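> mmCIF, C-alpha atoms, saved as structure_12.cif, coming up:
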data_input
loop_
_atom_site.label_atom_id
_atom_site.label_comp_id
_atom_site.auth_asym_id
_atom_site.auth_seq_id
_atom_site.Cartn_x
_atom_site.Cartn_y
_atom_site.Cartn_z
CA MET A 1 0.00 0.00 0.00
CA THR A 2 1.43 3.34 -0.97
CA LYS A 3 1.54 6.27 1.35
CA GLY A 4 -1.03 8.07 -0.72
CA ASN A 5 -3.51 5.24 -0.24
CA GLN A 6 -3.07 5.03 3.52
CA ARG A 7 -6.11 6.08 5.47
CA MET A 8 -5.35 9.17 7.53
CA PRO A 9 -6.41 8.93 11.19
CA THR A 10 -9.31 11.06 12.32
CA THR A 11 -8.82 14.07 14.57
CA GLY A 12 -10.83 12.31 17.26
CA SER A 13 -8.57 9.24 17.27
CA ILE A 14 -5.45 11.42 17.49
CA ILE A 15 -6.90 13.41 20.39
CA PHE A 16 -7.89 10.18 22.17
CA ALA A 17 -4.39 8.73 21.74
CA TYR A 18 -2.82 11.89 23.14
CA LEU A 19 -5.17 11.86 26.13
CA VAL A 20 -4.20 8.25 26.84
CA VAL A 21 -0.46 8.99 26.61
CA TYR A 22 -0.75 12.21 28.63
CA ILE A 23 -3.10 11.07 31.38
CA VAL A 24 -2.64 7.30 31.65
CA TRP A 25 1.17 7.39 31.68
CA GLY A 26 1.09 10.25 34.15
CA SER A 27 -1.30 8.33 36.41
CA THR A 28 0.80 5.14 36.57
CA PHE A 29 3.05 6.63 39.28
CA PHE A 30 -0.04 7.27 41.42
CA PHE A 31 -1.43 3.75 40.90
CA ILE A 32 1.94 2.20 41.79
CA GLU A 33 1.94 4.09 45.08
CA LYS A 34 -1.62 2.93 45.84
CA ALA A 35 -0.96 -0.71 44.87
CA LEU A 36 1.99 -0.85 47.29
CA ARG A 37 -0.54 -0.99 50.14
CA SER A 38 -1.23 -4.63 49.26
CA PHE A 39 1.73 -5.71 47.14
CA SER A 40 5.43 -5.71 47.94
CA PRO A 41 7.57 -4.04 45.24
CA PHE A 42 8.83 -7.07 43.32
CA VAL A 43 5.55 -8.99 43.59
CA LEU A 44 3.81 -5.92 42.14
CA GLY A 45 6.26 -5.78 39.23
CA SER A 46 6.05 -9.55 38.72
CA ILE A 47 2.25 -9.65 38.44
CA ARG A 48 2.06 -6.46 36.39
CA PHE A 49 4.52 -7.51 33.70
CA ILE A 50 3.48 -11.16 33.55
CA ILE A 51 -0.09 -10.00 32.83
CA ALA A 52 1.02 -7.29 30.39
CA GLY A 53 3.58 -9.50 28.59
CA SER A 54 1.14 -12.40 28.23
CA LEU A 55 -1.67 -10.20 26.91
CA LEU A 56 0.57 -8.36 24.46
CA MET A 57 2.22 -11.56 23.22
CA GLY A 58 -1.25 -13.09 22.74
CA PHE A 59 -2.36 -10.00 20.81
CA CYS A 60 0.71 -10.27 18.55
CA TYR A 61 0.01 -13.97 17.97
CA PHE A 62 -3.59 -13.35 16.90
CA LYS A 63 -2.46 -10.48 14.67
CA GLY A 64 -0.21 -12.95 12.88
CA TYR A 65 3.07 -11.26 13.75
CA LYS A 66 6.25 -13.31 13.71
CA LEU A 67 7.08 -13.95 17.38
CA PHE A 68 10.70 -15.03 17.29
CA ALA A 69 13.92 -13.96 15.63
CA LYS A 70 17.04 -14.83 17.62
CA THR A 71 18.91 -11.53 17.24
CA ALA A 72 15.86 -9.32 17.74
CA VAL A 73 14.61 -11.26 20.78
CA LYS A 74 18.07 -11.34 22.38
CA ASP A 75 18.29 -7.55 22.03
CA ALA A 76 14.72 -7.08 23.32
CA LEU A 77 15.48 -9.15 26.42
CA PHE A 78 18.59 -7.10 27.20
CA VAL A 79 16.84 -3.76 26.68
CA GLY A 80 13.79 -5.00 28.60
CA PHE A 81 15.99 -5.92 31.54
CA LEU A 82 17.41 -2.38 31.75
CA LEU A 83 14.29 -0.41 30.85
CA LEU A 84 11.42 -2.38 32.34
CA PHE A 85 13.12 -4.27 35.16
CA VAL A 86 15.94 -2.11 36.55
CA ASP A 87 14.21 1.24 35.97
CA MET A 88 10.73 0.08 37.04
CA ALA A 89 12.14 -1.80 40.05
CA ALA A 90 13.83 1.44 41.14
CA ILE A 91 10.58 3.39 40.71
CA ILE A 92 8.40 0.86 42.53
CA TRP A 93 10.87 0.34 45.38
CA ALA A 94 11.39 4.11 45.81
CA GLU A 95 7.65 4.81 46.00
CA GLN A 96 7.54 2.90 49.29
CA TYR A 97 9.34 5.85 50.89
CA ILE A 98 8.85 8.96 48.76
CA SER A 99 5.85 10.53 47.09
CA SER A 100 4.88 9.58 43.55
CA ALA A 101 5.06 13.33 42.83
CA ILE A 102 8.80 13.42 43.58
CA VAL A 103 9.34 10.16 41.70
CA THR A 104 7.76 11.50 38.53
CA ILE A 105 9.75 14.74 38.66
CA ILE A 106 13.05 12.85 38.92
CA ALA A 107 11.87 10.50 36.16
CA ALA A 108 11.19 13.55 33.97
CA ALA A 109 14.82 14.57 34.47
CA THR A 110 15.96 11.51 32.50
CA ALA A 111 16.79 13.91 29.65
CA ILE A 112 19.82 14.97 31.73
CA TRP A 113 21.37 11.54 31.44
CA PHE A 114 20.75 11.35 27.69
CA VAL A 115 22.93 14.45 27.31
CA VAL A 116 25.57 13.15 29.75
CA PHE A 117 25.89 9.58 28.39
CA ASP A 118 25.32 10.10 24.64
CA LYS A 119 29.05 10.30 23.86
CA PRO A 120 28.72 10.47 20.03
CA LYS A 121 26.67 13.66 20.50
CA TRP A 122 28.86 15.32 23.12
CA LYS A 123 30.33 17.82 20.67
CA GLU A 124 26.89 18.79 19.37
CA ASN A 125 25.25 18.91 22.79
CA PHE A 126 27.95 20.72 24.74
CA SER A 127 28.45 23.32 22.01
CA SER A 128 24.76 24.25 22.23
CA LEU A 129 24.01 26.96 24.81
CA PRO A 130 20.34 25.92 25.33
CA THR A 131 21.43 22.30 25.94
CA VAL A 132 24.11 23.30 28.45
CA LEU A 133 21.69 25.65 30.24
CA GLY A 134 19.09 22.87 30.27
CA LEU A 135 21.62 20.49 31.81
CA ILE A 136 22.47 23.00 34.56
CA PHE A 137 18.82 23.72 35.35
CA GLY A 138 18.02 20.00 35.32
CA PHE A 139 20.68 19.25 37.94
CA LEU A 140 19.47 22.27 39.95
CA GLY A 141 15.89 20.97 39.96
CA VAL A 142 16.93 17.49 41.09
CA PHE A 143 19.25 18.99 43.74
CA MET A 144 16.32 21.01 45.13
CA LEU A 145 14.30 17.82 45.60
CA PHE A 146 17.22 16.09 47.35
CA ALA A 147 17.73 19.14 49.58
CA GLU A 148 14.05 19.19 50.54
CA GLN A 149 14.18 15.58 51.71
CA LEU A 150 17.50 16.12 53.51
CA PHE A 151 16.34 19.17 55.48
CA ALA A 152 12.72 18.16 56.13
CA GLN A 153 11.94 19.22 59.71
CA GLU A 154 9.28 16.61 60.47
CA ASP A 155 11.40 13.58 59.50
CA THR A 156 13.66 11.66 61.86
CA SER A 157 17.26 10.92 60.91
CA GLY A 158 16.27 7.39 59.87
CA ASP A 159 13.43 8.66 57.68
CA LYS A 160 15.75 11.14 55.96
CA ASN A 161 18.33 8.46 55.28
CA ILE A 162 15.85 6.03 53.72
CA LYS A 163 14.30 8.80 51.59
CA ILE A 164 17.69 9.96 50.30
CA THR A 165 18.60 6.32 49.58
CA ALA A 166 15.31 5.91 47.68
CA MET A 167 16.09 8.98 45.59
CA PHE A 168 19.56 7.70 44.73
CA VAL A 169 18.03 4.34 43.75
CA LEU A 170 15.56 6.22 41.57
CA VAL A 171 18.34 8.19 39.85
CA PHE A 172 20.18 4.90 39.23
CA GLY A 173 17.00 3.55 37.61
CA THR A 174 16.74 6.55 35.26
CA ILE A 175 20.40 6.05 34.30
CA ALA A 176 19.64 2.38 33.50
CA TRP A 177 16.73 3.53 31.30
CA THR A 178 19.05 5.94 29.48
CA VAL A 179 21.83 3.39 28.98
CA GLY A 180 19.35 0.81 27.69
CA SER A 181 17.82 3.32 25.29
CA LEU A 182 21.22 4.43 23.95
CA ILE A 183 22.46 0.85 23.52
CA SER A 184 19.29 0.05 21.59
CA LYS A 185 19.72 3.17 19.46
CA TYR A 186 23.38 2.69 18.52
CA SER A 187 23.29 -1.07 18.09
CA LYS A 188 20.35 -0.92 15.67
CA GLU A 189 22.55 -0.77 12.56
CA LYS A 190 24.72 -3.64 13.82
CA ARG A 191 21.62 -5.75 14.59
CA THR A 192 20.16 -5.07 11.17
CA ARG A 193 23.42 -6.13 9.49
CA GLN A 194 23.64 -9.31 11.57
CA MET A 195 20.05 -10.23 10.76
CA GLN A 196 20.63 -9.64 7.05
CA GLU A 197 23.74 -11.85 7.14
CA ARG A 198 21.78 -14.63 8.84
CA GLY A 199 18.76 -14.15 6.61
CA GLU A 200 16.58 -13.34 9.63
CA GLU A 201 13.42 -11.30 9.32
CA ASP A 202 12.92 -8.62 11.97
CA VAL A 203 9.91 -8.74 14.29
CA HIS A 204 7.22 -6.09 14.86
CA ILE A 205 7.82 -3.40 17.50
CA MET A 206 4.90 -4.78 19.53
CA VAL A 207 6.53 -8.23 19.58
CA LYS A 208 9.79 -6.71 20.82
CA THR A 209 7.88 -4.90 23.55
CA ALA A 210 6.09 -8.10 24.53
CA TRP A 211 9.46 -9.84 24.93
CA GLN A 212 10.73 -6.91 27.01
CA MET A 213 7.71 -7.26 29.30
CA VAL A 214 8.18 -11.02 29.54
CA CYS A 215 11.82 -10.46 30.52
CA ALA A 216 10.80 -7.92 33.18
CA GLY A 217 8.08 -10.23 34.50
CA ILE A 218 10.52 -13.13 34.84
CA ALA A 219 13.19 -10.93 36.49
CA PHE A 220 10.70 -9.49 38.99
CA THR A 221 9.41 -13.01 39.75
CA VAL A 222 12.92 -14.40 40.35
CA VAL A 223 13.83 -11.57 42.73
CA ALA A 224 10.48 -11.77 44.56
CA SER A 225 11.01 -15.51 45.03
CA ILE A 226 14.61 -15.17 46.22
CA ASN A 227 14.04 -12.31 48.68
CA GLY A 228 10.98 -13.98 50.20
CA GLU A 229 8.33 -11.54 48.97
CA TYR A 230 6.24 -14.28 47.35
CA ARG A 231 6.60 -16.45 50.44
CA ARG A 232 5.16 -13.63 52.58
CA PHE A 233 2.51 -12.67 50.03
CA GLN A 234 -1.06 -13.40 51.18
CA ILE A 235 -3.52 -13.14 48.32
CA GLN A 236 -6.49 -12.86 50.69
CA ASP A 237 -5.03 -9.68 52.18
CA VAL A 238 -5.05 -7.80 48.89
CA LEU A 239 -7.65 -5.01 48.81
CA PRO A 240 -10.09 -5.21 45.86
CA GLU A 241 -9.17 -1.70 44.70
CA ASP A 242 -5.50 -2.68 44.64
CA TRP A 243 -6.29 -5.61 42.31
CA GLY A 244 -7.98 -3.00 40.14
CA GLY A 245 -4.86 -0.84 40.36
CA ILE A 246 -2.51 -3.59 39.21
CA ILE A 247 -4.86 -4.55 36.36
CA TYR A 248 -4.92 -0.87 35.37
CA LEU A 249 -1.10 -0.74 35.38
CA ALA A 250 -0.83 -3.90 33.27
CA THR A 251 -3.50 -3.08 30.69
CA MET A 252 -3.90 0.69 30.55
CA GLY A 253 -0.35 1.66 31.55
CA SER A 254 1.76 -1.03 29.89
CA ILE A 255 -0.37 -1.90 26.83
CA LEU A 256 -2.88 0.83 25.90
CA ALA A 257 -0.61 3.80 26.69
CA PHE A 258 2.40 2.27 24.97
CA GLY A 259 0.30 1.20 21.99
CA SER A 260 -1.06 4.74 21.68
CA TYR A 261 2.47 6.13 21.90
CA ILE A 262 3.73 3.85 19.08
CA TRP A 263 0.65 4.65 16.99
CA LEU A 264 1.17 8.40 17.43
CA LEU A 265 4.81 8.12 16.38
CA GLN A 266 3.60 6.62 13.10
CA HIS A 267 1.18 9.48 12.41
CA ARG A 268 2.51 12.56 14.22
CA PRO A 269 5.96 14.25 14.46
CA ALA A 270 8.20 12.76 17.16
CA THR A 271 8.82 16.20 18.69
CA GLU A 272 5.07 16.67 19.08
CA VAL A 273 4.59 13.23 20.65
CA SER A 274 7.48 13.89 23.05
CA THR A 275 5.39 16.60 24.73
CA HIS A 276 4.05 13.85 27.00
CA ALA A 277 7.25 14.39 29.03
CA TYR A 278 5.84 17.77 30.11
CA ILE A 279 2.30 16.62 30.88
CA ASN A 280 2.92 13.31 32.69
CA PRO A 281 4.64 14.88 35.74
CA ILE A 282 1.87 17.47 36.11
CA VAL A 283 -0.79 14.73 36.05
CA ALA A 284 1.17 12.75 38.66
CA LEU A 285 1.63 15.83 40.83
CA VAL A 286 -2.10 16.65 40.78
CA LEU A 287 -3.08 13.06 41.63
CA ALA A 288 -0.52 12.92 44.46
CA HIS A 289 -1.77 16.20 45.88
CA TYR A 290 -5.48 15.36 45.87
CA PHE A 291 -5.56 11.58 46.35
CA THR A 292 -2.61 10.66 48.59
CA ASP A 293 -1.47 11.60 52.09
CA HIS A 294 1.68 13.22 50.74
CA HIS A 295 1.80 17.00 50.86
CA VAL A 296 2.92 18.60 47.60
CA THR A 297 5.14 21.48 48.65
CA SER A 298 5.83 24.74 46.85
CA LEU A 299 9.48 23.65 46.51
CA GLN A 300 8.37 20.49 44.67
CA ILE A 301 6.25 22.57 42.29
CA ILE A 302 9.18 24.94 41.66
CA GLY A 303 11.46 21.95 41.16
CA LEU A 304 8.99 20.48 38.67
CA PHE A 305 8.90 23.59 36.53
CA ILE A 306 12.69 23.97 36.68
CA VAL A 307 13.09 20.35 35.49
CA LEU A 308 10.46 20.77 32.76
CA GLY A 309 12.14 24.00 31.68
CA SER A 310 15.46 22.15 31.50
CA VAL A 311 13.89 19.42 29.35
CA LEU A 312 12.55 22.11 27.02
CA LEU A 313 16.00 23.70 26.72
CA MET A 314 17.73 20.35 26.11
CA ASN A 315 15.25 19.65 23.29
CA TRP A 316 15.35 23.22 21.97
CA ASN A 317 17.23 22.39 18.77
CA LEU A 318 14.76 19.60 17.94
CA TYR A 319 11.77 21.88 18.40
CA LYS A 320 13.47 24.70 16.50
CA ASN A 321 14.02 22.42 13.50
CA ASN A 322 10.54 20.92 13.64
CA LYS A 323 8.69 20.99 10.29
CA LYS A 324 5.71 22.85 11.76
CA VAL A 325 7.98 25.55 13.16
CA LYS A 326 9.61 25.95 9.74
CA VAL A 327 6.19 26.24 8.08
CA TYR A 328 5.18 28.87 10.65
CA LYS A 329 8.38 30.86 10.02
CA ARG A 330 7.84 30.62 6.27
CA ALA A 331 4.25 31.90 6.66
CA LYS A 332 5.54 34.85 8.69
CA ARG A 333 8.16 35.56 6.01
CA ILE A 334 5.53 35.52 3.25
CA LYS A 335 3.32 37.83 5.31
CA LYS A 336 6.23 40.23 5.74
CA LEU A 337 6.91 40.17 1.99
CA ARG A 338 3.27 40.96 1.23
CA GLU A 339 3.33 43.84 3.67
CA LEU A 340 6.44 45.25 2.03
CA ALA A 341 5.20 44.69 -1.50
CA SER A 342 1.85 46.35 -0.88
CA HIS A 343 3.51 49.76 -0.71
CA SER A 344 4.83 51.49 -3.84
CA SER A 345 7.17 53.99 -2.24
CA ILE A 346 10.91 53.86 -3.09
CA PRO A 347 11.91 53.09 0.55
CA ARG A 348 9.49 50.16 0.63
CA ILE A 349 10.79 48.79 -2.67
CA MET A 350 14.35 49.02 -1.35
CA ALA A 351 13.31 47.31 1.86
CA LEU A 352 11.70 44.49 -0.13
CA SER A 353 14.88 44.07 -2.19
CA ASN A 354 17.07 44.02 0.92
CA PHE A 355 14.77 41.53 2.61
CA ASN A 356 14.99 39.11 -0.34
CA GLN A 357 18.78 39.45 -0.60
CA LYS A 358 19.18 38.81 3.13
CA HIS A 359 17.01 35.69 2.95
CA GLU A 360 18.89 34.32 -0.10
CA LYS A 361 22.26 34.79 1.62
CA LYS A 362 20.93 32.98 4.68
CA LYS A 363 19.82 30.04 2.50
CA GLU A 364 23.27 29.87 0.87
CA ARG A 365 24.97 29.69 4.27
CA LEU A 366 22.68 26.82 5.27
#
When written as structure tokens, how does the structure in this file appear?

Amino acid sequence: MTKGNQRMPTTGSIIFAYLVVYIVWGSTFFFIEKALRSFSPFVLGSIRFIIAGSLLMGFCYFKGYKLFAKTAVKDALFVGFLLLFVDMAAIIWAEQYISSAIVTIIAAATAIWFVVFDKPKWKENFSSLPTVLGLIFGFLGVFMLFAEQLFAQEDTSGDKNIKITAMFVLVFGTIAWTVGSLISKYSKEKRTRQMQERGEEDVHIMVKTAWQMVCAGIAFTVVASINGEYRRFQIQDVLPEDWGGIIYLATMGSILAFGSYIWLLQHRPATEVSTHAYINPIVALVLAHYFTDHHVTSLQIIGLFIVLGSVLLMNWNLYKNNKKVKVYKRAKRIKKLRELASHSSIPRIMALSNFNQKHEKKKERL
């Protein structure tokens, strides 16, 4: 099917997909915190990803997707271990001790680590003033959250220590997410070449995600079995609403939200889809404020906006070069030309000539 024959998605379906990605992903931090009332961290991750992985793999099977290719599955398992096990384990474990609001703010600061660890782009990133400023503001925002926990008046010394430890664990999880993402990005060409040499056909992105979830589910289950969490787990003690929460995390959070995200990437610009990074923390902050016992402080709100501002600065070049922005600039340029051309005076004609010459020189430099 050619691109011209592809059916364009309706405005309603695009809006719905964005609402799912914005709200559902933002709410998962809140539902993790609630589910921890009945589930220990690794049991929660085990059940969530076993359900999600099984459902998604079943969906891929009924869609007729190829389910196995040695190279692709091996890579998916490795990436799944870093992204869905290490990072999610850090998030779930940390939410036992710190608010989901703080967790989501630190998670939003993951962009910091992409700048720090993406070595092939160091020259480009560190020669860009907006990126460097974004990096500084990002560290400042995270430092503010650490400082708040360290100097909290109402906490005992033991409480402060465990909260700081939880925040360091959370930062480690975001670094694991970054490393996994970068390894996946830079090894893509090598994987493709290996698969071509072996005559292997690649698998669908949903199949890769299903394998990542299966890997995470197995890893969570192994740890929960070894550390005794499953031995202590009493199914009759689980609150009904917490079963609902874990089902929500598995289906809405892990399958529907991710599926909507992948679908949007196929139909909308990546820079536009990436705006979920600005909305998710706000959703999590609102839910934490109104539906948990944690108090959202003014310092946390300031920290949130500093971190989001840093993310904006670190992505500034991407947004600046976005196709829609270029179209907008071109429309403004045409409007300016029309304004200049509509006057017949000699100064206006000279201005029009100078404007065109300036624009042509700029194009030649580019």
> May I have the residues within 9 Å of Leu82 of chain A as a ChimeraX atom specification, using only C-alpha atoms and disregarding those fewer than 4 positions away in the same chain?
/A:77-78,86-88,173,176-181,216
> Translate the PyMOL selection byres ((chain A and resi 305-320) around 6), as applied to the file shown, into an explicit residue set as a PyMOL selection string.
chain A and resi 130-131+134+137-138+141+302-304+321-322
> May I have the selected residues written with C-alpha atoms, as a PDB file, keeping the file's coordinate frame?

ATOM      1  CA  PRO A 130      20.340  25.920  25.330  1.00  0.00           C
ATOM      2  CA  THR A 131      21.430  22.300  25.940  1.00  0.00           C
ATOM      3  CA  GLY A 134      19.090  22.870  30.270  1.00  0.00           C
ATOM      4  CA  PHE A 137      18.820  23.720  35.350  1.00  0.00           C
ATOM      5  CA  GLY A 138      18.020  20.000  35.320  1.00  0.00           C
ATOM      6  CA  GLY A 141      15.890  20.970  39.960  1.00  0.00           C
ATOM      7  CA  ILE A 302       9.180  24.940  41.660  1.00  0.00           C
ATOM      8  CA  GLY A 303      11.460  21.950  41.160  1.00  0.00           C
ATOM      9  CA  LEU A 304       8.990  20.480  38.670  1.00  0.00           C
ATOM     10  CA  ASN A 321      14.020  22.420  13.500  1.00  0.00           C
ATOM     11  CA  ASN A 322      10.540  20.920  13.640  1.00  0.00           C
TER      12      ASN A 322
END
> What does the structure give for the distance between atom CA of Ile164 of chain A and atom CA of Met213 of chain A, in Å to one decimal?
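Distance reported for this atom pair: 28.9 Å.
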> For segment 247-322 of chain A versus segment 45-65 of chain A, which residues have an atom no more than 7 Å away, and what is each residue's nearest atom pair and distance in Å rounded to one decimal, using all atoms listed in the file, chain-then-number order, as JSON lines?

{"residue": "A:Leu249", "atom": "CA", "partner": "A:Arg48", "partner_atom": "CA", "distance": 6.6}
{"residue": "A:Ala250", "atom": "CA", "partner": "A:Ala52", "partner_atom": "CA", "distance": 4.8}
{"residue": "A:Thr251", "atom": "CA", "partner": "A:Ala52", "partner_atom": "CA", "distance": 6.2}
{"residue": "A:Ser254", "atom": "CA", "partner": "A:Ala52", "partner_atom": "CA", "distance": 6.3}
{"residue": "A:Ile255", "atom": "CA", "partner": "A:Ala52", "partner_atom": "CA", "distance": 6.6}
> May I have the residues from that selection written out with C-alpha atoms, as a JSON list (two decimals), in the frame of the given file?

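For reference, selection39.json as written:
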[["chain", "number", "residue", "atom", "x", "y", "z"],
["A", 249, "LEU", "CA", -1.10, -0.74, 35.38],
["A", 250, "ALA", "CA", -0.83, -3.90, 33.27],
["A", 251, "THR", "CA", -3.50, -3.08, 30.69],
["A", 254, "SER", "CA", 1.76, -1.03, 29.89],
["A", 255, "ILE", "CA", -0.37, -1.90, 26.83]]
> Once the PyMOL selection byres ((chain A and resi 9-19) around 10) is applied to the coordinates I shared, what remains selected? I want it as number ranges by chain.
A: 6-8, 20-25, 256-264, 267-268, 273, 275-276
> Taking 3 positions as the minimum chain separation for residues in the same chain, which residues sit within 7 Å of segment 112-124 of chain A when counting only C-alpha atoms? Answer as a CSV table (one decimal) with C-alpha atoms, in the coordinates of the input.

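Produced file selection_5.csv, reproduced below:
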chain,number,residue,atom,x,y,z
A,109,ALA,CA,14.8,14.6,34.5
A,127,SER,CA,28.4,23.3,22.0
A,128,SER,CA,24.8,24.2,22.2
A,135,LEU,CA,21.6,20.5,31.8
A,138,GLY,CA,18.0,20.0,35.3
A,175,ILE,CA,20.4,6.0,34.3
A,178,THR,CA,19.0,5.9,29.5
> Distance atom CA of Thr292 of chain A-atom CA of Val142 of chain A, one decimal place?
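That distance, rounded to one decimal, is 22.0 Å.
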> Exactly which residues make up the result of the PyMOL selection byres ((chain A and resi 93) around 12) on this file, given as a PyMOL selection string?
chain A and resi 29+32-33+35-36+39-45+85-92+94-100+103+162-163+165-170+173+220
> Go ahead and write the residues just picked, C-alpha atoms, as a JSON list (two decimals), keeping the file's coordinate frame.

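And here's again_14.json as it stands now:
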[["chain", "number", "residue", "atom", "x", "y", "z"],
["A", 29, "PHE", "CA", 3.05, 6.63, 39.28],
["A", 32, "ILE", "CA", 1.94, 2.20, 41.79],
["A", 33, "GLU", "CA", 1.94, 4.09, 45.08],
["A", 35, "ALA", "CA", -0.96, -0.71, 44.87],
["A", 36, "LEU", "CA", 1.99, -0.85, 47.29],
["A", 39, "PHE", "CA", 1.73, -5.71, 47.14],
["A", 40, "SER", "CA", 5.43, -5.71, 47.94],
["A", 41, "PRO", "CA", 7.57, -4.04, 45.24],
["A", 42, "PHE", "CA", 8.83, -7.07, 43.32],
["A", 43, "VAL", "CA", 5.55, -8.99, 43.59],
["A", 44, "LEU", "CA", 3.81, -5.92, 42.14],
["A", 45, "GLY", "CA", 6.26, -5.78, 39.23],
["A", 85, "PHE", "CA", 13.12, -4.27, 35.16],
["A", 86, "VAL", "CA", 15.94, -2.11, 36.55],
["A", 87, "ASP", "CA", 14.21, 1.24, 35.97],
["A", 88, "MET", "CA", 10.73, 0.08, 37.04],
["A", 89, "ALA", "CA", 12.14, -1.80, 40.05],
["A", 90, "ALA", "CA", 13.83, 1.44, 41.14],
["A", 91, "ILE", "CA", 10.58, 3.39, 40.71],
["A", 92, "ILE", "CA", 8.40, 0.86, 42.53],
["A", 94, "ALA", "CA", 11.39, 4.11, 45.81],
["A", 95, "GLU", "CA", 7.65, 4.81, 46.00],
["A", 96, "GLN", "CA", 7.54, 2.90, 49.29],
["A", 97, "TYR", "CA", 9.34, 5.85, 50.89],
["A", 98, "ILE", "CA", 8.85, 8.96, 48.76],
["A", 99, "SER", "CA", 5.85, 10.53, 47.09],
["A", 100, "SER", "CA", 4.88, 9.58, 43.55],
["A", 103, "VAL", "CA", 9.34, 10.16, 41.70],
["A", 162, "ILE", "CA", 15.85, 6.03, 53.72],
["A", 163, "LYS", "CA", 14.30, 8.80, 51.59],
["A", 165, "THR", "CA", 18.60, 6.32, 49.58],
["A", 166, "ALA", "CA", 15.31, 5.91, 47.68],
["A", 167, "MET", "CA", 16.09, 8.98, 45.59],
["A", 168, "PHE", "CA", 19.56, 7.70, 44.73],
["A", 169, "VAL", "CA", 18.03, 4.34, 43.75],
["A", 170, "LEU", "CA", 15.56, 6.22, 41.57],
["A", 173, "GLY", "CA", 17.00, 3.55, 37.61],
["A", 220, "PHE", "CA", 10.70, -9.49, 38.99]]
> So the first atom is atom CA of Leu150 of chain A and the second is atom CA of Thr174 of chain A; what is the distance between them in Å, to one decimal place?
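Interatomic distance here is 20.6 Å.
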> Find the residue from A:Ser274, A:Gln149, A:Ser225, A:Gln196 that sits nearest to Ile102 of chain A; use only C-alpha atoms when measuring.
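Nearest to Ile102 of chain A: A:Gln149.
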> Which residue gives the smallest distance to Pro281 of chain A among A:Ala101, A:Ile226, A:Ala210, A:Leu67, with only C-alpha atoms counted?
A:Ala101
> Choose the residue, out of A:His295, A:Glu272, A:Gln236, A:His289, that has the smallest atom-to-atom separation from Ser38 of chain A; count all atoms listed in the file.
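Using all atoms listed in the file, Ser38 of chain A sits closest to A:Gln236.
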> Write out as a VMD selection string each polymer residue whose atoms come within 8 Å of Ala72 of chain A, counting all atoms listed in the file; drop sequence neighbours fewer than 2 positions from it.
chain A and resid 68 to 70 74 to 76 191 202 to 203 208
> Could you turn the residues from that selection into a file that holds C-alpha atoms, as a PDB file, keeping the file's coordinate frame?

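Result file is result24.pdb:
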ATOM      1  CA  PHE A  68      10.700 -15.030  17.290  1.00  0.00           C
ATOM      2  CA  ALA A  69      13.920 -13.960  15.630  1.00  0.00           C
ATOM      3  CA  LYS A  70      17.040 -14.830  17.620  1.00  0.00           C
ATOM      4  CA  LYS A  74      18.070 -11.340  22.380  1.00  0.00           C
ATOM      5  CA  ASP A  75      18.290  -7.550  22.030  1.00  0.00           C
ATOM      6  CA  ALA A  76      14.720  -7.080  23.320  1.00  0.00           C
ATOM      7  CA  ARG A 191      21.620  -5.750  14.590  1.00  0.00           C
ATOM      8  CA  ASP A 202      12.920  -8.620  11.970  1.00  0.00           C
ATOM      9  CA  VAL A 203       9.910  -8.740  14.290  1.00  0.00           C
ATOM     10  CA  LYS A 208       9.790  -6.710  20.820  1.00  0.00           C
TER      11      LYS A 208
END
